[in-house]
>>> print(open('my_file34.cif').read())   # mmCIF, C-alpha atoms
data_input
#
loop_
_atom_site.label_atom_id
_atom_site.label_comp_id
_atom_site.auth_asym_id
_atom_site.auth_seq_id
_atom_site.Cartn_x
_atom_site.Cartn_y
_atom_site.Cartn_z
CA VAL A 1 83.05 147.25 79.29
CA CYS A 2 85.99 149.64 78.80
CA SER A 3 86.98 150.26 75.16
CA SER A 4 90.64 149.89 76.09
CA ASP A 5 89.96 146.36 77.31
CA LEU A 6 88.30 145.49 74.00
CA GLU A 7 91.26 146.98 72.18
CA LEU A 8 93.64 144.93 74.33
CA SER A 9 91.67 141.79 73.46
CA ASP A 10 91.93 142.60 69.75
CA THR A 11 95.64 143.30 70.11
CA LEU A 12 96.30 140.01 71.89
CA SER A 13 94.31 138.12 69.25
CA ARG A 14 96.33 139.76 66.45
CA LEU A 15 99.60 139.01 68.23
CA ILE A 16 98.58 135.37 68.52
CA ASP A 17 97.63 135.19 64.85
CA LEU A 18 100.91 136.78 63.79
CA GLY A 19 103.01 134.84 66.28
CA THR A 20 101.73 131.34 65.58
CA MET A 21 104.50 130.76 63.06
CA VAL A 22 107.34 132.56 64.87
CA LEU A 23 106.72 132.42 68.63
CA GLY A 24 107.65 129.51 70.87
CA ASP A 25 105.08 127.50 72.82
CA ASP A 26 105.84 129.29 76.10
CA GLU A 27 105.32 132.71 74.55
CA LEU A 28 102.12 131.64 72.83
CA LYS A 29 100.86 130.07 76.06
CA GLU A 30 101.42 133.34 77.90
CA LEU A 31 99.51 135.31 75.25
CA TYR A 32 96.59 132.88 75.34
CA SER A 33 96.63 133.01 79.16
CA GLN A 34 96.45 136.82 79.11
CA LEU A 35 93.61 136.64 76.61
CA GLY A 36 91.73 134.05 78.66
CA GLU A 37 92.08 136.12 81.83
CA LEU A 38 90.93 139.29 80.06
CA GLU A 39 87.96 137.65 78.35
CA GLY A 40 86.80 135.79 81.45
CA SER A 41 87.46 138.17 84.34
CA THR A 42 87.14 141.59 82.70
CA LEU A 43 85.09 141.33 79.51
CA MET A 44 82.90 138.51 80.84
CA ARG A 45 82.88 136.79 77.45
CA THR A 46 82.83 133.24 78.71
CA ASP A 47 82.99 131.36 75.41
CA ARG A 48 86.00 133.38 74.25
CA ALA A 49 87.71 132.86 77.60
CA ILE A 50 87.12 129.11 77.39
CA ALA A 51 88.49 129.02 73.84
CA ALA A 52 91.66 130.84 74.94
CA TRP A 53 92.27 128.62 77.95
CA ARG A 54 91.65 125.55 75.79
CA LYS A 55 94.46 126.75 73.51
CA VAL A 56 96.72 126.91 76.57
CA LEU A 57 95.92 123.26 77.31
CA GLU A 58 96.71 122.29 73.72
CA LEU A 59 100.19 123.71 74.31
CA ASP A 60 100.51 122.36 77.84
CA PRO A 61 97.93 119.76 78.95
CA ALA A 62 99.03 120.07 82.59
CA ASP A 63 98.87 123.87 82.90
CA PHE A 64 97.24 124.28 86.32
CA ARG A 65 96.31 127.93 85.76
CA ALA A 66 94.32 127.01 82.66
CA LEU A 67 92.74 124.00 84.38
CA ALA A 68 91.66 126.15 87.35
CA ALA A 69 90.28 128.87 85.07
CA LEU A 70 88.29 126.38 82.99
CA GLU A 71 86.94 124.68 86.11
CA THR A 72 85.67 128.06 87.34
CA LEU A 73 84.15 129.00 83.97
CA TYR A 74 82.43 125.65 83.46
CA THR A 75 81.09 125.74 87.03
CA GLN A 76 79.68 129.24 86.49
CA GLU A 77 77.98 128.05 83.31
CA GLY A 78 76.74 124.78 84.82
CA ARG A 79 78.59 122.83 82.14
CA TRP A 80 79.23 119.95 84.47
CA GLU A 81 80.48 117.22 82.13
CA GLU A 82 83.09 119.61 80.72
CA CYS A 83 83.98 120.54 84.29
CA VAL A 84 84.51 116.85 85.05
CA GLU A 85 86.77 116.50 82.01
CA VAL A 86 88.95 119.38 83.24
CA LEU A 87 89.07 117.97 86.78
CA GLU A 88 90.09 114.57 85.40
CA ARG A 89 92.97 116.26 83.59
CA ARG A 90 93.95 117.95 86.84
CA ALA A 91 93.85 114.68 88.76
CA SER A 92 96.07 113.04 86.14
CA ALA A 93 98.58 115.88 86.37
CA LEU A 94 98.90 115.69 90.16
CA ALA A 95 101.79 113.69 91.60
CA SER A 96 100.47 113.18 95.13
CA PRO A 97 97.80 110.49 95.74
CA GLU A 98 96.37 112.69 98.51
CA ASP A 99 95.88 115.56 96.06
CA GLN A 100 94.42 113.19 93.49
CA VAL A 101 91.91 111.94 96.07
CA ASP A 102 90.74 115.51 96.80
CA VAL A 103 90.04 116.16 93.11
CA LEU A 104 88.42 112.75 92.57
CA MET A 105 86.07 113.39 95.49
CA GLN A 106 85.06 116.63 93.80
CA ILE A 107 84.47 114.76 90.51
CA ALA A 108 82.36 112.07 92.20
CA ASN A 109 80.22 114.73 93.88
CA ILE A 110 79.58 116.45 90.53
CA TRP A 111 78.55 113.17 88.91
CA ALA A 112 76.19 112.39 91.79
CA GLU A 113 74.77 115.81 92.69
CA LYS A 114 74.99 117.91 89.51
CA ILE A 115 74.75 115.40 86.66
CA GLY A 116 72.74 112.73 88.47
CA ASP A 117 74.79 109.79 87.23
CA GLY A 118 75.22 107.50 90.21
CA SER A 119 77.06 104.82 88.25
CA ALA A 120 79.74 107.28 87.15
CA ALA A 121 79.97 108.61 90.71
CA ALA A 122 80.40 105.07 92.06
CA GLU A 123 83.26 104.38 89.64
CA VAL A 124 85.08 107.50 90.84
CA TYR A 125 84.55 106.63 94.52
CA GLU A 126 86.00 103.19 93.75
CA ARG A 127 89.08 104.93 92.32
CA VAL A 128 89.34 106.97 95.52
CA LEU A 129 89.31 103.83 97.65
CA ALA A 130 91.93 102.23 95.42
CA LEU A 131 94.20 105.17 96.26
CA ASP A 132 93.07 105.54 99.89
CA PRO A 133 91.34 102.41 101.25
CA SER A 134 90.72 104.12 104.61
CA ASN A 135 88.70 107.02 103.12
CA LEU A 136 85.52 106.77 105.17
CA THR A 137 83.66 109.51 103.29
CA ALA A 138 84.12 107.73 99.94
CA SER A 139 83.15 104.41 101.53
CA ILE A 140 79.91 105.82 103.00
CA GLU A 141 78.94 107.55 99.75
CA LEU A 142 79.65 104.36 97.83
CA GLU A 143 77.55 102.34 100.27
CA THR A 144 74.58 104.60 99.53
CA LEU A 145 75.06 104.22 95.76
CA TYR A 146 75.42 100.44 95.98
CA ARG A 147 72.24 100.19 98.04
CA GLN A 148 70.33 102.40 95.60
CA ARG A 149 71.42 100.15 92.73
CA SER A 150 70.97 96.84 94.61
CA ASN A 151 74.64 96.04 94.01
CA TRP A 152 74.71 93.66 96.95
CA MET A 153 77.96 91.74 96.42
CA LYS A 154 79.91 94.95 95.94
CA LEU A 155 78.24 96.30 99.08
CA VAL A 156 79.38 93.26 101.07
CA GLU A 157 82.95 93.66 99.80
CA LEU A 158 82.87 97.38 100.62
CA LEU A 159 81.66 96.87 104.20
CA LEU A 160 84.14 94.04 104.82
CA ALA A 161 86.95 96.31 103.60
CA ARG A 162 85.73 99.14 105.87
CA ILE A 163 85.93 96.92 108.94
CA GLU A 164 89.71 96.72 108.48
CA PHE A 165 89.94 100.43 109.30
CA VAL A 166 87.45 100.53 112.18
CA SER A 167 88.76 99.93 115.70
CA ASP A 168 85.64 100.69 117.78
CA VAL A 169 84.03 97.39 118.78
CA HIS A 170 80.45 98.66 118.58
CA GLU A 171 81.02 100.05 115.08
CA ARG A 172 82.63 96.79 113.98
CA ILE A 173 79.63 94.83 115.30
CA LYS A 174 77.22 97.15 113.47
CA LEU A 175 79.11 96.56 110.23
CA PHE A 176 79.15 92.79 110.67
CA CYS A 177 75.40 92.87 111.38
CA SER A 178 74.76 94.98 108.27
CA ILE A 179 76.72 92.52 106.15
CA SER A 180 74.86 89.57 107.67
CA GLU A 181 71.55 91.28 106.89
CA VAL A 182 72.55 91.78 103.25
CA TYR A 183 73.59 88.14 102.95
CA GLU A 184 70.33 86.87 104.39
CA GLN A 185 67.74 89.30 103.01
CA GLN A 186 69.23 90.32 99.65
CA LEU A 187 71.45 87.41 98.61
CA ASN A 188 69.49 84.59 100.28
CA ASP A 189 72.78 83.22 101.64
CA ARG A 190 72.03 82.15 105.20
CA ASP A 191 75.31 80.32 105.63
CA SER A 192 77.34 83.46 104.97
CA ALA A 193 74.92 85.49 107.09
CA PHE A 194 75.54 83.11 110.00
CA VAL A 195 79.34 83.15 109.60
CA THR A 196 79.32 86.94 109.54
CA LEU A 197 77.21 87.12 112.69
CA GLN A 198 79.65 84.72 114.33
CA ALA A 199 82.37 87.29 113.64
CA ALA A 200 80.19 89.95 115.28
CA PHE A 201 79.59 87.70 118.29
CA ARG A 202 83.33 87.11 118.73
CA GLU A 203 83.83 90.87 118.96
CA ASP A 204 81.68 90.91 122.14
CA TYR A 205 80.33 87.69 123.60
CA SER A 206 78.10 89.67 125.98
CA ASN A 207 76.04 91.25 123.17
CA ASP A 208 72.59 89.76 123.72
CA GLN A 209 71.15 91.19 120.51
CA VAL A 210 73.80 89.48 118.37
CA ALA A 211 73.40 86.27 120.35
CA GLY A 212 69.65 86.33 119.74
CA GLU A 213 70.14 86.84 116.00
CA LEU A 214 72.69 84.03 115.93
CA GLU A 215 70.22 81.65 117.57
CA ARG A 216 67.50 82.61 115.08
CA LEU A 217 69.87 82.05 112.14
CA ALA A 218 71.15 78.80 113.64
CA THR A 219 67.57 77.56 113.63
CA VAL A 220 66.73 78.55 110.03
CA ALA A 221 70.13 77.58 108.60
CA GLY A 222 70.64 74.38 110.59
CA LYS A 223 73.76 75.68 112.33
CA TRP A 224 73.16 74.73 115.94
CA ASN A 225 76.32 72.61 116.16
CA ASP A 226 78.39 75.61 115.09
CA LEU A 227 76.61 77.85 117.59
CA ILE A 228 77.12 75.37 120.42
CA SER A 229 80.82 75.36 119.54
CA ASP A 230 80.87 79.17 119.89
CA TYR A 231 79.06 79.03 123.24
CA THR A 232 81.50 76.39 124.44
CA GLN A 233 84.41 78.75 123.68
CA VAL A 234 82.69 81.46 125.73
CA VAL A 235 82.36 79.16 128.72
CA GLN A 236 86.00 78.10 128.46
#
>>> encode(input="my_file34.cif", output="structure tokens")
Amino acid sequence: VCSSDLELSDTLSRLIDLGTMVLGDDELKELYSQLGELEGSTLMRTDRAIAAWRKVLELDPADFRALAALETLYTQEGRWEECVEVLERRASALASPEDQVDVLMQIANIWAEKIGDGSAAAEVYERVLALDPSNLTASIELETLYRQRSNWMKLVELLLARIEFVSDVHERIKLFCSISEVYEQQLNDRDSAFVTLQAAFREDYSNDQVAGELERLATVAGKWNDLISDYTQVVQ
């Protein structure tokens, strides 16, 4: 560490102390920013850098330079919950939903992978889908979390919502079949399982696998009249 850098740090700190009563917020913010940059990038004194950048946020909660610096420092230190707090501030300060989604995806990943809190991660992925219902990555990650936590009704709602944004017939059938399986095996709701498989069958009447499952469910759920009605439509 160069002695001149230490002297500069001391000088900036004294200027801040002296200027608190006489300098405007913009001038103070610039001094704290210089101090944060010096402490973090040059002197490698992380705690002092964090303290300086925190002061910047007290003066301007939406200062993107301070938010980016704190994100980097907290990431380097593995202080993940504080990193999440900073990213949440950044998301709130962004005007564009697309930009908010990018930051929220980052937050959800930290909750899931770094902190190990799947419930918190799920809540953030739900916020992503509220902003961008077609976000397939968030939907798939959320599906995994719902399955891990046996949150079956939310899983059904999630998969039904995903179908709206899927055009490929085979993918739509797979989703309908997954939903039907959840209804039957996890929720013990054979009626809903049958209705969902009917939707899959109507996507492609030639799908023998779906037809076979429908016949099995028609037998256990007493739905043969409904199935015969479907087969009649195919013939017509």
>>> atom_distance(input="my_file34.cif", atom1="CA of Val103 (chain A)", atom2="CA of Glu82 (chain A)")
14.6 Å
>>> resolve_selection(input="my_file34.cif", expression="the PyMOL selection byres ((chain A and resi 217) around 10)", output="count of residues only")
21
>>> closest_residue(input="my_file34.cif", among="A:Pro133, A:Tyr205, A:Leu59, A:Ile140", to="Gly24 (chain A)", atoms="only C-alpha atoms")
A:Leu59
>>> atom_distance(input="my_file34.cif", atom1="CA of Ala49 (chain A)", atom2="CA of Leu35 (chain A)")
7.1 Å
>>> resolve_selection(input="my_file34.cif", expression="the PyMOL selection byres ((chain A and resi 112) around 12)", output="PyMOL selection string")
chain A and resi 80-81+84+105-111+113-125+141-142+144-145
>>> closest_residue(input="my_file34.cif", among="A:Gln148, A:Val156, A:Thr46, A:Gly36", to="Ala66 (chain A)", atoms="only C-alpha atoms")
A:Gly36
>>> closest_residue(input="my_file34.cif", among="A:Phe165, A:Ser13, A:Glu71, A:Asp60", to="Asp25 (chain A)", atoms="only C-alpha atoms")
A:Asp60
>>> build_atoms(input="my_file34.cif", residues="region 141-154 of chain A", atoms="N, CA, C and O atoms", output="PDB file, keeping the file's coordinate frame")
ATOM      1  N   GLU A 141      79.651 107.128 100.967  1.00  0.00           N
ATOM      2  CA  GLU A 141      78.940 107.550  99.750  1.00  0.00           C
ATOM      3  C   GLU A 141      78.723 106.368  98.812  1.00  0.00           C
ATOM      4  O   GLU A 141      77.659 106.219  98.203  1.00  0.00           O
ATOM      5  N   LEU A 142      79.738 105.528  98.706  1.00  0.00           N
ATOM      6  CA  LEU A 142      79.650 104.360  97.830  1.00  0.00           C
ATOM      7  C   LEU A 142      78.623 103.363  98.358  1.00  0.00           C
ATOM      8  O   LEU A 142      77.885 102.742  97.581  1.00  0.00           O
ATOM      9  N   GLU A 143      78.558 103.225  99.672  1.00  0.00           N
ATOM     10  CA  GLU A 143      77.550 102.340 100.270  1.00  0.00           C
ATOM     11  C   GLU A 143      76.147 102.777  99.850  1.00  0.00           C
ATOM     12  O   GLU A 143      75.308 101.951  99.457  1.00  0.00           O
ATOM     13  N   THR A 144      75.885 104.077  99.914  1.00  0.00           N
ATOM     14  CA  THR A 144      74.580 104.600  99.530  1.00  0.00           C
ATOM     15  C   THR A 144      74.267 104.275  98.063  1.00  0.00           C
ATOM     16  O   THR A 144      73.168 103.832  97.726  1.00  0.00           O
ATOM     17  N   LEU A 145      75.256 104.479  97.200  1.00  0.00           N
ATOM     18  CA  LEU A 145      75.060 104.220  95.760  1.00  0.00           C
ATOM     19  C   LEU A 145      74.843 102.737  95.484  1.00  0.00           C
ATOM     20  O   LEU A 145      73.998 102.367  94.668  1.00  0.00           O
ATOM     21  N   TYR A 146      75.606 101.886  96.172  1.00  0.00           N
ATOM     22  CA  TYR A 146      75.420 100.440  95.980  1.00  0.00           C
ATOM     23  C   TYR A 146      74.030 100.000  96.434  1.00  0.00           C
ATOM     24  O   TYR A 146      73.383  99.170  95.785  1.00  0.00           O
ATOM     25  N   ARG A 147      73.574 100.547  97.551  1.00  0.00           N
ATOM     26  CA  ARG A 147      72.240 100.190  98.040  1.00  0.00           C
ATOM     27  C   ARG A 147      71.161 100.661  97.065  1.00  0.00           C
ATOM     28  O   ARG A 147      70.197  99.936  96.796  1.00  0.00           O
ATOM     29  N   GLN A 148      71.317 101.871  96.550  1.00  0.00           N
ATOM     30  CA  GLN A 148      70.330 102.400  95.600  1.00  0.00           C
ATOM     31  C   GLN A 148      70.239 101.515  94.351  1.00  0.00           C
ATOM     32  O   GLN A 148      69.161 101.375  93.762  1.00  0.00           O
ATOM     33  N   ARG A 149      71.372 100.940  93.955  1.00  0.00           N
ATOM     34  CA  ARG A 149      71.420 100.150  92.730  1.00  0.00           C
ATOM     35  C   ARG A 149      71.360  98.641  92.983  1.00  0.00           C
ATOM     36  O   ARG A 149      71.560  97.840  92.071  1.00  0.00           O
ATOM     37  N   SER A 150      71.081  98.265  94.241  1.00  0.00           N
ATOM     38  CA  SER A 150      70.970  96.840  94.610  1.00  0.00           C
ATOM     39  C   SER A 150      72.222  96.055  94.205  1.00  0.00           C
ATOM     40  O   SER A 150      72.144  94.904  93.782  1.00  0.00           O
ATOM     41  N   ASN A 151      73.379  96.695  94.350  1.00  0.00           N
ATOM     42  CA  ASN A 151      74.640  96.040  94.010  1.00  0.00           C
ATOM     43  C   ASN A 151      75.171  95.357  95.273  1.00  0.00           C
ATOM     44  O   ASN A 151      76.119  95.834  95.915  1.00  0.00           O
ATOM     45  N   TRP A 152      74.539  94.225  95.609  1.00  0.00           N
ATOM     46  CA  TRP A 152      74.710  93.660  96.950  1.00  0.00           C
ATOM     47  C   TRP A 152      76.083  93.039  97.183  1.00  0.00           C
ATOM     48  O   TRP A 152      76.663  93.209  98.260  1.00  0.00           O
ATOM     49  N   MET A 153      76.643  92.344  96.198  1.00  0.00           N
ATOM     50  CA  MET A 153      77.960  91.740  96.420  1.00  0.00           C
ATOM     51  C   MET A 153      79.039  92.810  96.592  1.00  0.00           C
ATOM     52  O   MET A 153      79.923  92.687  97.431  1.00  0.00           O
ATOM     53  N   LYS A 154      78.954  93.863  95.783  1.00  0.00           N
ATOM     54  CA  LYS A 154      79.910  94.950  95.940  1.00  0.00           C
ATOM     55  C   LYS A 154      79.741  95.626  97.301  1.00  0.00           C
ATOM     56  O   LYS A 154      80.713  96.064  97.912  1.00  0.00           O
TER      57      LYS A 154
END
